[in-house]
file final09.pdb (PDB, C-alpha atoms)
ATOM      1  CA  MET A 987     -44.818 -33.653 -29.995
ATOM      2  CA  SER A 988     -42.430 -30.679 -29.833
ATOM      3  CA  SER A 989     -42.949 -27.741 -32.166
ATOM      4  CA  PHE A 990     -39.533 -28.288 -33.769
ATOM      5  CA  ARG A 991     -40.304 -31.954 -34.471
ATOM      6  CA  SER A 992     -43.660 -30.934 -35.924
ATOM      7  CA  TRP A 993     -41.993 -28.533 -38.354
ATOM      8  CA  VAL A 994     -39.431 -31.145 -39.364
ATOM      9  CA  ASP A 995     -42.215 -33.646 -40.031
ATOM     10  CA  ALA A 996     -44.196 -31.044 -41.995
ATOM     11  CA  ALA A 997     -41.126 -30.425 -44.181
ATOM     12  CA  ARG A 998     -41.170 -34.175 -45.061
ATOM     13  CA  PRO A 999     -37.427 -34.855 -45.132
ATOM     14  CA  ARG A1000     -37.880 -38.071 -47.122
ATOM     15  CA  THR A1001     -38.985 -35.991 -50.152
ATOM     16  CA  LEU A1002     -35.796 -33.935 -50.212
ATOM     17  CA  PRO A1003     -33.402 -36.469 -51.822
ATOM     18  CA  LEU A1004     -35.680 -36.716 -54.853
ATOM     19  CA  ALA A1005     -35.780 -32.913 -55.082
ATOM     20  CA  VAL A1006     -31.957 -32.771 -55.111
ATOM     21  CA  THR A1007     -31.850 -35.399 -57.871
ATOM     22  CA  CYS A1008     -32.336 -32.879 -60.674
ATOM     23  CA  VAL A1009     -29.494 -30.734 -59.274
ATOM     24  CA  LEU A1010     -27.070 -33.674 -59.207
ATOM     25  CA  LEU A1011     -28.055 -34.706 -62.722
ATOM     26  CA  GLY A1012     -27.632 -31.164 -64.034
ATOM     27  CA  GLY A1013     -24.219 -30.945 -62.390
ATOM     28  CA  ALA A1014     -23.148 -34.281 -63.877
ATOM     29  CA  LEU A1015     -24.221 -33.243 -67.366
ATOM     30  CA  ALA A1016     -22.438 -29.907 -67.080
ATOM     31  CA  LYS A1017     -19.203 -31.609 -66.002
ATOM     32  CA  ALA A1018     -19.472 -34.110 -68.844
ATOM     33  CA  LEU A1019     -20.004 -31.317 -71.399
ATOM     34  CA  GLY A1020     -17.002 -29.445 -70.083
ATOM     35  CA  LEU A1021     -16.526 -26.245 -68.088
ATOM     36  CA  ASN A1022     -14.115 -23.426 -68.748
ATOM     37  CA  GLU A1023     -11.752 -22.305 -66.002
ATOM     38  CA  GLU A1024     -14.093 -19.630 -64.640
ATOM     39  CA  GLN A1025     -17.150 -21.915 -64.672
ATOM     40  CA  ASP A1026     -15.200 -24.687 -62.975
ATOM     41  CA  ALA A1027     -14.123 -22.284 -60.219
ATOM     42  CA  ARG A1028     -17.785 -21.467 -59.565
ATOM     43  CA  PHE A1029     -18.994 -25.055 -59.776
ATOM     44  CA  VAL A1030     -19.214 -25.857 -56.048
ATOM     45  CA  LEU A1031     -20.791 -22.507 -55.144
ATOM     46  CA  VAL A1032     -23.410 -22.731 -57.891
ATOM     47  CA  MET A1033     -24.209 -26.359 -57.048
ATOM     48  CA  LEU A1034     -24.675 -25.492 -53.375
ATOM     49  CA  GLY A1035     -26.881 -22.543 -54.293
ATOM     50  CA  ALA A1036     -28.986 -24.605 -56.673
ATOM     51  CA  GLY A1037     -29.290 -27.402 -54.118
ATOM     52  CA  LEU A1038     -30.379 -25.009 -51.379
ATOM     53  CA  THR A1039     -32.923 -23.368 -53.667
ATOM     54  CA  VAL A1040     -34.435 -26.690 -54.708
ATOM     55  CA  VAL A1041     -34.635 -27.896 -51.094
ATOM     56  CA  LEU A1042     -36.379 -24.667 -50.075
ATOM     57  CA  LEU A1043     -38.810 -25.045 -52.983
ATOM     58  CA  GLN A1044     -39.594 -28.622 -51.970
ATOM     59  CA  ILE A1045     -40.207 -27.617 -48.355
ATOM     60  CA  LEU A1046     -42.372 -24.748 -49.608
ATOM     61  CA  ALA A1047     -44.386 -27.221 -51.694
ATOM     62  CA  ASN A1048     -44.769 -29.550 -48.707
ATOM     63  CA  PHE A1049     -45.931 -26.750 -46.405
ATOM     64  CA  ALA A1050     -48.302 -25.393 -49.067
ATOM     65  CA  ASN A1051     -49.680 -28.889 -49.736
ATOM     66  CA  ASP A1052     -50.363 -29.409 -46.035
ATOM     67  CA  LEU A1053     -52.097 -26.034 -45.837
ATOM     68  CA  GLY A1054     -54.079 -26.382 -49.056
ATOM     69  CA  ASP A1055     -55.408 -29.863 -48.294
ATOM     70  CA  PHE A1056     -56.335 -28.768 -44.774
ATOM     71  CA  GLN A1057     -58.220 -25.703 -45.995
ATOM     72  CA  LYS A1058     -60.146 -27.766 -48.541
ATOM     73  CA  GLY A1059     -61.017 -30.469 -46.018
ATOM     74  CA  THR A1060     -59.139 -33.168 -47.888
ATOM     75  CA  ASP A1061     -57.112 -34.238 -44.852
ATOM     76  CA  ILE A1062     -59.220 -35.965 -42.204
ATOM     77  CA  ALA A1063     -57.743 -35.774 -38.711
ATOM     78  CA  ALA A1064     -58.591 -39.385 -37.862
ATOM     79  CA  VAL A1065     -56.828 -40.629 -41.004
ATOM     80  CA  ARG A1066     -54.031 -38.151 -41.765
ATOM     81  CA  THR A1067     -52.234 -38.112 -38.452
ATOM     82  CA  ASP A1068     -49.058 -37.528 -40.476
ATOM     83  CA  ARG A1069     -50.247 -34.082 -41.581
ATOM     84  CA  ALA A1070     -49.253 -31.153 -39.374
ATOM     85  CA  LEU A1071     -52.497 -29.191 -39.615
ATOM     86  CA  ALA A1072     -54.966 -32.060 -39.750
ATOM     87  CA  SER A1073     -53.386 -33.643 -36.681
ATOM     88  CA  GLY A1074     -53.367 -30.349 -34.792
ATOM     89  CA  ALA A1075     -49.580 -30.333 -34.384
ATOM     90  CA  LEU A1076     -49.361 -26.879 -35.988
ATOM     91  CA  THR A1077     -51.815 -24.018 -36.439
ATOM     92  CA  GLU A1078     -53.126 -22.712 -39.737
ATOM     93  CA  SER A1079     -51.807 -19.199 -39.056
ATOM     94  CA  SER A1080     -48.291 -20.452 -38.335
ATOM     95  CA  MET A1081     -48.306 -22.532 -41.523
ATOM     96  CA  LYS A1082     -49.392 -19.513 -43.587
ATOM     97  CA  ARG A1083     -46.432 -17.574 -42.199
ATOM     98  CA  ALA A1084     -44.129 -20.512 -42.935
ATOM     99  CA  VAL A1085     -45.311 -20.685 -46.554
ATOM    100  CA  LYS A1086     -44.596 -16.982 -47.059
ATOM    101  CA  SER A1087     -41.208 -17.269 -45.372
ATOM    102  CA  MET A1088     -40.174 -20.243 -47.490
ATOM    103  CA  ALA A1089     -41.243 -18.463 -50.680
ATOM    104  CA  ILE A1090     -39.101 -15.445 -49.743
ATOM    105  CA  LEU A1091     -36.118 -17.615 -48.795
ATOM    106  CA  ALA A1092     -36.372 -19.588 -52.046
ATOM    107  CA  PHE A1093     -36.482 -16.339 -54.023
ATOM    108  CA  ILE A1094     -33.426 -14.930 -52.234
ATOM    109  CA  SER A1095     -31.519 -18.186 -52.641
ATOM    110  CA  GLY A1096     -32.406 -18.317 -56.340
ATOM    111  CA  ILE A1097     -31.256 -14.744 -56.960
ATOM    112  CA  GLY A1098     -28.026 -15.433 -55.107
ATOM    113  CA  THR A1099     -27.405 -18.535 -57.198
ATOM    114  CA  LEU A1100     -28.020 -16.635 -60.425
ATOM    115  CA  PHE A1101     -25.539 -13.982 -59.324
ATOM    116  CA  ALA A1102     -22.943 -16.625 -58.461
ATOM    117  CA  ALA A1103     -23.426 -18.306 -61.849
ATOM    118  CA  PHE A1104     -23.540 -15.260 -64.120
ATOM    119  CA  ALA A1105     -21.556 -12.487 -62.393
ATOM    120  CA  GLY A1106     -19.067 -11.100 -64.863
ATOM    121  CA  ALA A1107     -20.795 -12.705 -67.839
ATOM    122  CA  PRO A1108     -22.816  -9.893 -69.503
ATOM    123  CA  SER A1109     -23.131 -11.883 -72.731
ATOM    124  CA  ALA A1110     -25.309 -14.393 -70.844
ATOM    125  CA  ALA A1111     -27.676 -11.782 -69.404
ATOM    126  CA  MET A1112     -30.691 -13.065 -71.341
ATOM    127  CA  THR A1113     -30.006 -16.619 -70.212
ATOM    128  CA  ALA A1114     -29.830 -15.440 -66.606
ATOM    129  CA  PHE A1115     -33.087 -13.511 -67.013
ATOM    130  CA  ALA A1116     -34.864 -16.552 -68.506
ATOM    131  CA  LEU A1117     -33.703 -18.734 -65.615
ATOM    132  CA  GLY A1118     -34.882 -16.071 -63.162
ATOM    133  CA  VAL A1119     -38.355 -16.111 -64.714
ATOM    134  CA  LEU A1120     -38.443 -19.913 -64.487
ATOM    135  CA  GLY A1121     -37.425 -19.611 -60.852
ATOM    136  CA  VAL A1122     -40.369 -17.336 -60.085
ATOM    137  CA  PHE A1123     -42.712 -19.742 -61.868
ATOM    138  CA  SER A1124     -41.261 -22.564 -59.760
ATOM    139  CA  ILE A1125     -42.149 -20.696 -56.565
ATOM    140  CA  VAL A1126     -45.690 -20.061 -57.767
ATOM    141  CA  ALA A1127     -46.076 -23.687 -58.899
ATOM    142  CA  ALA A1128     -44.847 -24.977 -55.526
ATOM    143  CA  MET A1129     -47.548 -22.958 -53.763
ATOM    144  CA  ARG A1130     -50.436 -23.569 -56.156
ATOM    145  CA  TYR A1131     -50.438 -27.379 -56.191
ATOM    146  CA  THR A1132     -53.194 -27.490 -53.576
ATOM    147  CA  MET A1133     -53.514 -23.858 -52.434
ATOM    148  CA  GLY A1134     -56.132 -21.502 -53.853
ATOM    149  CA  ARG A1135     -59.308 -21.971 -55.838
ATOM    150  CA  LYS A1136     -57.375 -22.759 -59.027
ATOM    151  CA  SER A1137     -54.981 -25.291 -57.496
ATOM    152  CA  TYR A1138     -53.808 -27.522 -60.332
ATOM    153  CA  GLY A1139     -53.381 -30.592 -58.113
ATOM    154  CA  TYR A1140     -57.158 -30.784 -57.730
ATOM    155  CA  LYS A1141     -57.637 -30.763 -61.503
ATOM    156  CA  GLY A1142     -55.398 -33.702 -62.346
ATOM    157  CA  LEU A1143     -52.548 -31.516 -63.611
ATOM    158  CA  GLY A1144     -50.048 -32.344 -60.886
ATOM    159  CA  ASP A1145     -48.264 -34.953 -63.012
ATOM    160  CA  PHE A1146     -47.661 -32.437 -65.811
ATOM    161  CA  TYR A1147     -46.169 -29.812 -63.512
ATOM    162  CA  VAL A1148     -44.013 -32.325 -61.632
ATOM    163  CA  MET A1149     -42.706 -33.641 -64.949
ATOM    164  CA  LEU A1150     -41.946 -30.098 -66.095
ATOM    165  CA  PHE A1151     -40.213 -28.759 -62.991
ATOM    166  CA  PHE A1152     -38.400 -31.901 -61.837
ATOM    167  CA  GLY A1153     -37.457 -32.750 -65.413
ATOM    168  CA  PRO A1154     -36.573 -30.138 -68.057
ATOM    169  CA  VAL A1155     -36.702 -27.064 -65.804
ATOM    170  CA  GLY A1156     -34.679 -28.673 -63.008
ATOM    171  CA  VAL A1157     -32.081 -30.683 -64.929
ATOM    172  CA  LEU A1158     -31.606 -28.359 -67.913
ATOM    173  CA  GLY A1159     -31.827 -25.313 -65.655
ATOM    174  CA  VAL A1160     -28.953 -26.456 -63.428
ATOM    175  CA  GLY A1161     -26.895 -27.512 -66.448
ATOM    176  CA  THR A1162     -27.433 -24.071 -67.969
ATOM    177  CA  LEU A1163     -26.523 -22.338 -64.708
ATOM    178  CA  LEU A1164     -23.168 -24.084 -64.778
ATOM    179  CA  THR A1165     -22.321 -23.941 -68.490
ATOM    180  CA  HIS A1166     -24.383 -20.954 -69.737
ATOM    181  CA  THR A1167     -25.612 -23.186 -72.535
ATOM    182  CA  VAL A1168     -27.823 -26.221 -73.047
ATOM    183  CA  ASP A1169     -27.239 -29.475 -74.892
ATOM    184  CA  ALA A1170     -30.022 -31.382 -76.668
ATOM    185  CA  SER A1171     -28.834 -34.734 -75.276
ATOM    186  CA  TRP A1172     -29.645 -33.519 -71.753
ATOM    187  CA  LEU A1173     -33.341 -33.865 -72.519
ATOM    188  CA  CYS A1174     -33.157 -37.658 -72.177
ATOM    189  CA  VAL A1175     -31.794 -37.346 -68.635
ATOM    190  CA  ALA A1176     -34.389 -34.675 -67.863
ATOM    191  CA  VAL A1177     -37.159 -37.040 -68.998
ATOM    192  CA  PHE A1178     -35.788 -39.725 -66.671
ATOM    193  CA  SER A1179     -35.722 -37.318 -63.724
ATOM    194  CA  GLY A1180     -39.211 -36.036 -64.454
ATOM    195  CA  CYS A1181     -40.684 -39.507 -64.930
ATOM    196  CA  MET A1182     -39.287 -40.794 -61.652
ATOM    197  CA  SER A1183     -40.758 -37.796 -59.840
ATOM    198  CA  VAL A1184     -44.117 -38.372 -61.537
ATOM    199  CA  ALA A1185     -43.924 -42.028 -60.442
ATOM    200  CA  VAL A1186     -43.512 -40.957 -56.811
ATOM    201  CA  LEU A1187     -46.443 -38.550 -57.112
ATOM    202  CA  ASN A1188     -48.558 -41.270 -58.717
ATOM    203  CA  LEU A1189     -47.760 -43.655 -55.858
ATOM    204  CA  ASN A1190     -48.856 -40.963 -53.415
ATOM    205  CA  ASN A1191     -52.090 -40.499 -55.346
ATOM    206  CA  LEU A1192     -52.666 -44.256 -55.615
ATOM    207  CA  ARG A1193     -52.349 -44.490 -51.847
ATOM    208  CA  ASP A1194     -54.771 -41.607 -51.212
ATOM    209  CA  HIS A1195     -57.182 -42.011 -54.122
ATOM    210  CA  THR A1196     -60.233 -42.900 -52.005
ATOM    211  CA  SER A1197     -59.994 -39.882 -49.693
ATOM    212  CA  ASP A1198     -59.015 -37.646 -52.628
ATOM    213  CA  ALA A1199     -62.136 -38.643 -54.542
ATOM    214  CA  LEU A1200     -64.367 -37.952 -51.546
ATOM    215  CA  ALA A1201     -62.779 -34.511 -51.087
ATOM    216  CA  GLY A1202     -63.118 -33.553 -54.747
ATOM    217  CA  LYS A1203     -59.388 -33.772 -55.439
ATOM    218  CA  HIS A1204     -59.468 -35.070 -58.999
ATOM    219  CA  THR A1205     -55.945 -36.391 -59.364
ATOM    220  CA  LEU A1206     -55.039 -38.411 -62.423
ATOM    221  CA  VAL A1207     -55.502 -41.575 -60.361
ATOM    222  CA  VAL A1208     -59.041 -40.525 -59.427
ATOM    223  CA  ARG A1209     -59.783 -39.807 -63.079
ATOM    224  CA  LEU A1210     -58.255 -43.064 -64.379
ATOM    225  CA  GLY A1211     -59.264 -45.405 -61.578
ATOM    226  CA  PHE A1212     -56.986 -47.525 -59.403
ATOM    227  CA  GLN A1213     -56.204 -50.299 -61.897
ATOM    228  CA  GLN A1214     -55.700 -48.025 -64.907
ATOM    229  CA  ALA A1215     -53.490 -45.756 -62.814
ATOM    230  CA  LYS A1216     -51.257 -48.773 -62.143
ATOM    231  CA  MET A1217     -50.808 -49.229 -65.903
ATOM    232  CA  TYR A1218     -50.025 -45.529 -66.197
ATOM    233  CA  HIS A1219     -47.448 -45.953 -63.432
ATOM    234  CA  PHE A1220     -45.702 -48.759 -65.310
ATOM    235  CA  ALA A1221     -45.665 -46.650 -68.486
ATOM    236  CA  VAL A1222     -44.090 -43.701 -66.678
ATOM    237  CA  LEU A1223     -41.311 -45.893 -65.272
ATOM    238  CA  GLY A1224     -40.772 -47.491 -68.680
ATOM    239  CA  VAL A1225     -40.464 -44.151 -70.469
ATOM    240  CA  GLY A1226     -38.060 -42.849 -67.827
ATOM    241  CA  TRP A1227     -35.678 -45.794 -67.971
ATOM    242  CA  SER A1228     -35.894 -45.939 -71.772
ATOM    243  CA  ALA A1229     -34.868 -42.279 -71.974
ATOM    244  CA  LEU A1230     -31.875 -42.858 -69.689
ATOM    245  CA  THR A1231     -30.844 -45.924 -71.700
ATOM    246  CA  VAL A1232     -30.971 -43.908 -74.926
ATOM    247  CA  PHE A1233     -28.763 -41.271 -73.311
ATOM    248  CA  PHE A1234     -26.129 -43.797 -72.267
ATOM    249  CA  LEU A1235     -26.170 -45.522 -75.662
ATOM    250  CA  THR A1236     -25.785 -42.267 -77.593
ATOM    251  CA  ALA A1237     -23.221 -40.543 -75.362
ATOM    252  CA  GLN A1238     -20.697 -38.832 -77.631
ATOM    253  CA  ASP A1239     -17.476 -39.865 -75.892
ATOM    254  CA  GLU A1240     -16.915 -43.589 -75.456
ATOM    255  CA  GLY A1241     -16.479 -44.528 -71.818
ATOM    256  CA  ILE A1242     -17.536 -41.146 -70.443
ATOM    257  CA  TRP A1243     -20.288 -42.733 -68.321
ATOM    258  CA  ARG A1244     -19.125 -45.586 -66.131
ATOM    259  CA  GLY A1245     -20.868 -47.883 -63.657
ATOM    260  CA  THR A1246     -23.631 -49.136 -65.952
ATOM    261  CA  MET A1247     -23.866 -52.319 -63.853
ATOM    262  CA  TRP A1248     -25.128 -50.258 -60.901
ATOM    263  CA  TYR A1249     -27.739 -48.559 -63.064
ATOM    264  CA  ALA A1250     -28.872 -51.974 -64.282
ATOM    265  CA  LEU A1251     -29.255 -53.183 -60.685
ATOM    266  CA  LEU A1252     -31.356 -50.145 -59.813
ATOM    267  CA  ALA A1253     -33.470 -50.770 -62.908
ATOM    268  CA  LEU A1254     -34.058 -54.309 -61.651
ATOM    269  CA  LEU A1255     -35.112 -52.864 -58.302
ATOM    270  CA  HIS A1256     -37.704 -50.808 -60.147
ATOM    271  CA  ALA A1257     -38.824 -53.908 -62.041
ATOM    272  CA  ARG A1258     -39.435 -55.617 -58.707
ATOM    273  CA  HIS A1259     -41.319 -52.536 -57.601
ATOM    274  CA  VAL A1260     -43.599 -52.875 -60.636
ATOM    275  CA  VAL A1261     -44.501 -56.420 -59.561
ATOM    276  CA  ASP A1262     -45.292 -55.279 -56.019
ATOM    277  CA  VAL A1263     -47.489 -52.438 -57.262
ATOM    278  CA  TRP A1264     -49.348 -54.758 -59.636
ATOM    279  CA  ARG A1265     -50.115 -57.176 -56.814
ATOM    280  CA  CYS A1266     -51.186 -54.427 -54.430
ATOM    281  CA  THR A1267     -54.826 -54.462 -53.353
ATOM    282  CA  GLU A1268     -54.500 -52.271 -50.240
ATOM    283  CA  PRO A1269     -53.527 -48.699 -51.250
ATOM    284  CA  ARG A1270     -52.017 -47.832 -47.862
ATOM    285  CA  SER A1271     -49.416 -50.568 -48.333
ATOM    286  CA  LEU A1272     -47.911 -48.528 -51.172
ATOM    287  CA  ASP A1273     -46.376 -46.033 -48.751
ATOM    288  CA  PRO A1274     -42.974 -47.829 -48.505
ATOM    289  CA  GLU A1275     -42.791 -47.898 -52.309
ATOM    290  CA  LEU A1276     -42.516 -44.102 -52.393
ATOM    291  CA  LYS A1277     -39.253 -44.298 -50.469
ATOM    292  CA  ARG A1278     -37.978 -47.129 -52.675
ATOM    293  CA  ILE A1279     -38.401 -45.143 -55.898
ATOM    294  CA  ALA A1280     -37.288 -41.804 -54.455
ATOM    295  CA  LEU A1281     -34.065 -43.136 -52.932
ATOM    296  CA  SER A1282     -33.135 -45.349 -55.878
ATOM    297  CA  THR A1283     -33.616 -42.427 -58.271
ATOM    298  CA  PHE A1284     -31.436 -40.292 -56.018
ATOM    299  CA  LEU A1285     -28.766 -43.011 -56.177
ATOM    300  CA  VAL A1286     -28.791 -42.927 -59.988
ATOM    301  CA  ALA A1287     -28.223 -39.169 -59.876
ATOM    302  CA  LEU A1288     -25.548 -39.491 -57.188
ATOM    303  CA  PHE A1289     -23.663 -42.155 -59.182
ATOM    304  CA  MET A1290     -23.739 -39.993 -62.328
ATOM    305  CA  PHE A1291     -22.559 -36.947 -60.392
ATOM    306  CA  MET A1292     -19.731 -38.802 -58.660
ATOM    307  CA  ASP A1293     -18.698 -40.377 -61.962
ATOM    308  CA  GLN A1294     -18.095 -36.946 -63.495
ATOM    309  CA  THR A1295     -16.676 -35.131 -60.461
ATOM    310  CA  PHE A1296     -14.524 -37.846 -58.872
ATOM    311  CA  GLY A1297     -13.975 -40.342 -61.680
ATOM    312  CA  PRO A1298     -10.694 -40.712 -63.595
TER     313      PRO A1298
END
call {"tool": "encode", "arguments": {"input": "final09.pdb", "output": "structure tokens"}}
result
Amino acid sequence: MSSFRSWVDAARPRTLPLAVTCVLLGGALAKALGLNEEQDARFVLVMLGAGLTVVLLQILANFANDLGDFQKGTDIAAVRTDRALASGALTESSMKRAVKSMAILAFISGIGTLFAAFAGAPSAAMTAFALGVLGVFSIVAAMRYTMGRKSYGYKGLGDFYVMLFFGPVGVLGVGTLLTHTVDASWLCVAVFSGCMSVAVLNLNNLRDHTSDALAGKHTLVVRLGFQQAKMYHFAVLGVGWSALTVFFLTAQDEGIWRGTMWYALLALLHARHVVDVWRCTEPRSLDPELKRIALSTFLVALFMFMDQTFGP
């Protein structure tokens, strides 16, 4: 396998649409709330900056996860042929350099996005500073999921951090970048985004729970057990879709959110997914379900974004 292909695989491109979901949702909410002339002129630039930053953070997390699991012996070469280090496709030293490089690039991209969003707005300096601090925490969180002796992914805290950063921090953060304010109703959409990301993580942990337990990686699935973790999975999906439904039902302006039929169809797709997960007895067969949830969640965000940016 070529070195370039190995790096592309290590970046896990299929995880990137879900990462961009919170950016699209934040952009949709900002457009729906309303932008002044100056904010609207910056909209595309800020969205591109936020999207690039989130993609870099996700790649950083993927590289760091590969490195951390390899260093702790969680990834077994004979089993995890999809992992860059465990399979021998890349070296540990090169991955360490890649992690540092991605962290630096994410930081630079984040600072650039803050400048694009808040240049010429001194009254919003504290808001910009708060978002900058959250950005630094996001970089640290992306690296510490499996890296280091205090990696939170090995203590069953991964679900909490994914909920936090792919939900409120991601969605509300992007909305605030664009509008310089935050609206309480956005929290429902943030909960949806966070829950769908937690669902994808839980599927990953359901798939790998046996090897995780042997390696001392005490994910929530390992702590709950396979069957109880399925029930947890259904609850997470239920809370997420309930939150989005509440948002649509309580939207201030009648007719502002269109295309509810498409959201209903995607909800039905998730309902079918629940049945498939319940019937599953072979954890490895859950792998395709990760893509199903990630891409369908991305479609919800894309529909909401297009509704506000291209709709009548």
call {"tool": "resolve_selection", "arguments": {"input": "final09.pdb", "expression": "the PyMOL selection byres ((chain A and resi 1004) around 8)", "output": "list in words"}}
result
Thr1001, Leu1002, Pro1003, Ala1005, Val1006, Thr1007, Cys1008, Ser1183, Ala1280, Leu1281, Thr1283 and Phe1284 of chain A
call {"tool": "write_last_selection", "arguments": {"input": "final09.pdb", "atoms": "C-alpha atoms", "output": "short mmCIF file (atom, residue, chain, number, x, y, z; two decimals), keeping the file's coordinate frame"}}
result
data_model
loop_
_atom_site.label_atom_id
_atom_site.label_comp_id
_atom_site.auth_asym_id
_atom_site.auth_seq_id
_atom_site.Cartn_x
_atom_site.Cartn_y
_atom_site.Cartn_z
CA THR A 1001 -38.98 -35.99 -50.15
CA LEU A 1002 -35.80 -33.94 -50.21
CA PRO A 1003 -33.40 -36.47 -51.82
CA ALA A 1005 -35.78 -32.91 -55.08
CA VAL A 1006 -31.96 -32.77 -55.11
CA THR A 1007 -31.85 -35.40 -57.87
CA CYS A 1008 -32.34 -32.88 -60.67
CA SER A 1183 -40.76 -37.80 -59.84
CA ALA A 1280 -37.29 -41.80 -54.46
CA LEU A 1281 -34.06 -43.14 -52.93
CA THR A 1283 -33.62 -42.43 -58.27
CA PHE A 1284 -31.44 -40.29 -56.02
#
call {"tool": "residues_around", "arguments": {"input": "final09.pdb", "residues": "Val1225 of chain A", "least_positions_apart": "4", "cutoff": "8 Å", "atoms": "only C-alpha atoms", "output": "list in words"}}
result
Val1177, Phe1178, Cys1181, Ala1221 and Ala1229 of chain A
call {"tool": "resolve_selection", "arguments": {"input": "final09.pdb", "expression": "the PyMOL selection byres ((chain A and resi 1158-1167) around 8)", "output": "number ranges by chain"}}
result
A: 1008-1009, 1012-1013, 1015-1016, 1020-1021, 1025, 1028-1029, 1032-1033, 1036, 1100, 1103-1104, 1110, 1113-1114, 1117, 1153-1157, 1168-1169, 1172-1173, 1176
call {"tool": "write_last_selection", "arguments": {"input": "final09.pdb", "atoms": "C-alpha atoms", "output": "tab-separated table (two decimals), in the frame of the given file"}}
result
chain	number	residue	atom	x	y	z
A	1008	CYS	CA	-32.34	-32.88	-60.67
A	1009	VAL	CA	-29.49	-30.73	-59.27
A	1012	GLY	CA	-27.63	-31.16	-64.03
A	1013	GLY	CA	-24.22	-30.94	-62.39
A	1015	LEU	CA	-24.22	-33.24	-67.37
A	1016	ALA	CA	-22.44	-29.91	-67.08
A	1020	GLY	CA	-17.00	-29.44	-70.08
A	1021	LEU	CA	-16.53	-26.24	-68.09
A	1025	GLN	CA	-17.15	-21.92	-64.67
A	1028	ARG	CA	-17.78	-21.47	-59.56
A	1029	PHE	CA	-18.99	-25.06	-59.78
A	1032	VAL	CA	-23.41	-22.73	-57.89
A	1033	MET	CA	-24.21	-26.36	-57.05
A	1036	ALA	CA	-28.99	-24.60	-56.67
A	1100	LEU	CA	-28.02	-16.64	-60.42
A	1103	ALA	CA	-23.43	-18.31	-61.85
A	1104	PHE	CA	-23.54	-15.26	-64.12
A	1110	ALA	CA	-25.31	-14.39	-70.84
A	1113	THR	CA	-30.01	-16.62	-70.21
A	1114	ALA	CA	-29.83	-15.44	-66.61
A	1117	LEU	CA	-33.70	-18.73	-65.61
A	1153	GLY	CA	-37.46	-32.75	-65.41
A	1154	PRO	CA	-36.57	-30.14	-68.06
A	1155	VAL	CA	-36.70	-27.06	-65.80
A	1156	GLY	CA	-34.68	-28.67	-63.01
A	1157	VAL	CA	-32.08	-30.68	-64.93
A	1168	VAL	CA	-27.82	-26.22	-73.05
A	1169	ASP	CA	-27.24	-29.48	-74.89
A	1172	TRP	CA	-29.64	-33.52	-71.75
A	1173	LEU	CA	-33.34	-33.86	-72.52
A	1176	ALA	CA	-34.39	-34.67	-67.86
call {"tool": "closest_residue", "arguments": {"input": "final09.pdb", "among": "A:Met1247, A:Ile1094, A:Ile1045, A:Val1208", "to": "Arg1193 of chain A", "atoms": "all atoms listed in the file"}}
result
A:Val1208
call {"tool": "resolve_selection", "arguments": {"input": "final09.pdb", "expression": "the PyMOL selection byres ((chain A and resi 1256) around 10)", "output": "PDB file with C-alpha atoms, in the frame of the given file"}}
result
ATOM      1  CA  PHE A1220     -45.702 -48.759 -65.310  1.00  0.00           C
ATOM      2  CA  LEU A1223     -41.311 -45.893 -65.272  1.00  0.00           C
ATOM      3  CA  GLY A1224     -40.772 -47.491 -68.680  1.00  0.00           C
ATOM      4  CA  TRP A1227     -35.678 -45.794 -67.971  1.00  0.00           C
ATOM      5  CA  ALA A1250     -28.872 -51.974 -64.282  1.00  0.00           C
ATOM      6  CA  LEU A1251     -29.255 -53.183 -60.685  1.00  0.00           C
ATOM      7  CA  LEU A1252     -31.356 -50.145 -59.813  1.00  0.00           C
ATOM      8  CA  ALA A1253     -33.470 -50.770 -62.908  1.00  0.00           C
ATOM      9  CA  LEU A1254     -34.058 -54.309 -61.651  1.00  0.00           C
ATOM     10  CA  LEU A1255     -35.112 -52.864 -58.302  1.00  0.00           C
ATOM     11  CA  ALA A1257     -38.824 -53.908 -62.041  1.00  0.00           C
ATOM     12  CA  ARG A1258     -39.435 -55.617 -58.707  1.00  0.00           C
ATOM     13  CA  HIS A1259     -41.319 -52.536 -57.601  1.00  0.00           C
ATOM     14  CA  VAL A1260     -43.599 -52.875 -60.636  1.00  0.00           C
ATOM     15  CA  VAL A1261     -44.501 -56.420 -59.561  1.00  0.00           C
ATOM     16  CA  ASP A1262     -45.292 -55.279 -56.019  1.00  0.00           C
ATOM     17  CA  GLU A1275     -42.791 -47.898 -52.309  1.00  0.00           C
ATOM     18  CA  ARG A1278     -37.978 -47.129 -52.675  1.00  0.00           C
ATOM     19  CA  ILE A1279     -38.401 -45.143 -55.898  1.00  0.00           C
ATOM     20  CA  SER A1282     -33.135 -45.349 -55.878  1.00  0.00           C
ATOM     21  CA  THR A1283     -33.616 -42.427 -58.271  1.00  0.00           C
TER      22      THR A1283
END
call {"tool": "atom_distance", "arguments": {"input": "final09.pdb", "atom1": "atom CA of His1204 of chain A", "atom2": "atom CA of Gly1054 of chain A"}}
result
14.3 Å
call {"tool": "closest_residue", "arguments": {"input": "final09.pdb", "among": "A:Trp993, A:Arg1083, A:Leu1010, A:Asp1194", "to": "Leu1288 of chain A", "atoms": "only C-alpha atoms"}}
result
A:Leu1010
call {"tool": "atom_distance", "arguments": {"input": "final09.pdb", "atom1": "atom CA of Leu1011 of chain A", "atom2": "atom CA of Ile1125 of chain A"}}
result
20.8 Å
call {"tool": "residues_around", "arguments": {"input": "final09.pdb", "residues": "Tyr1131 of chain A", "least_positions_apart": "2", "cutoff": "9 Å", "atoms": "only C-alpha atoms", "output": "PyMOL selection string"}}
result
chain A and resi 1047+1050-1051+1054+1126-1129+1133-1134+1136-1140+1143-1144+1147
call {"tool": "decode", "arguments": {"input": "final09.pdb", "residues": "segment 1026-1030 of chain A", "atoms": "C-alpha atoms", "output": "compact mmCIF listing (two decimals), in the first residue's frame"}}
result
# COMPACT_ATOMS: atom_id res chain seq x y z
CA ASP A 1026 -23.83 37.97 5.99
CA ALA A 1027 -20.84 39.18 3.96
CA ARG A 1028 -18.56 37.03 6.14
CA PHE A 1029 -20.83 34.00 6.14
CA VAL A 1030 -19.10 31.91 3.46
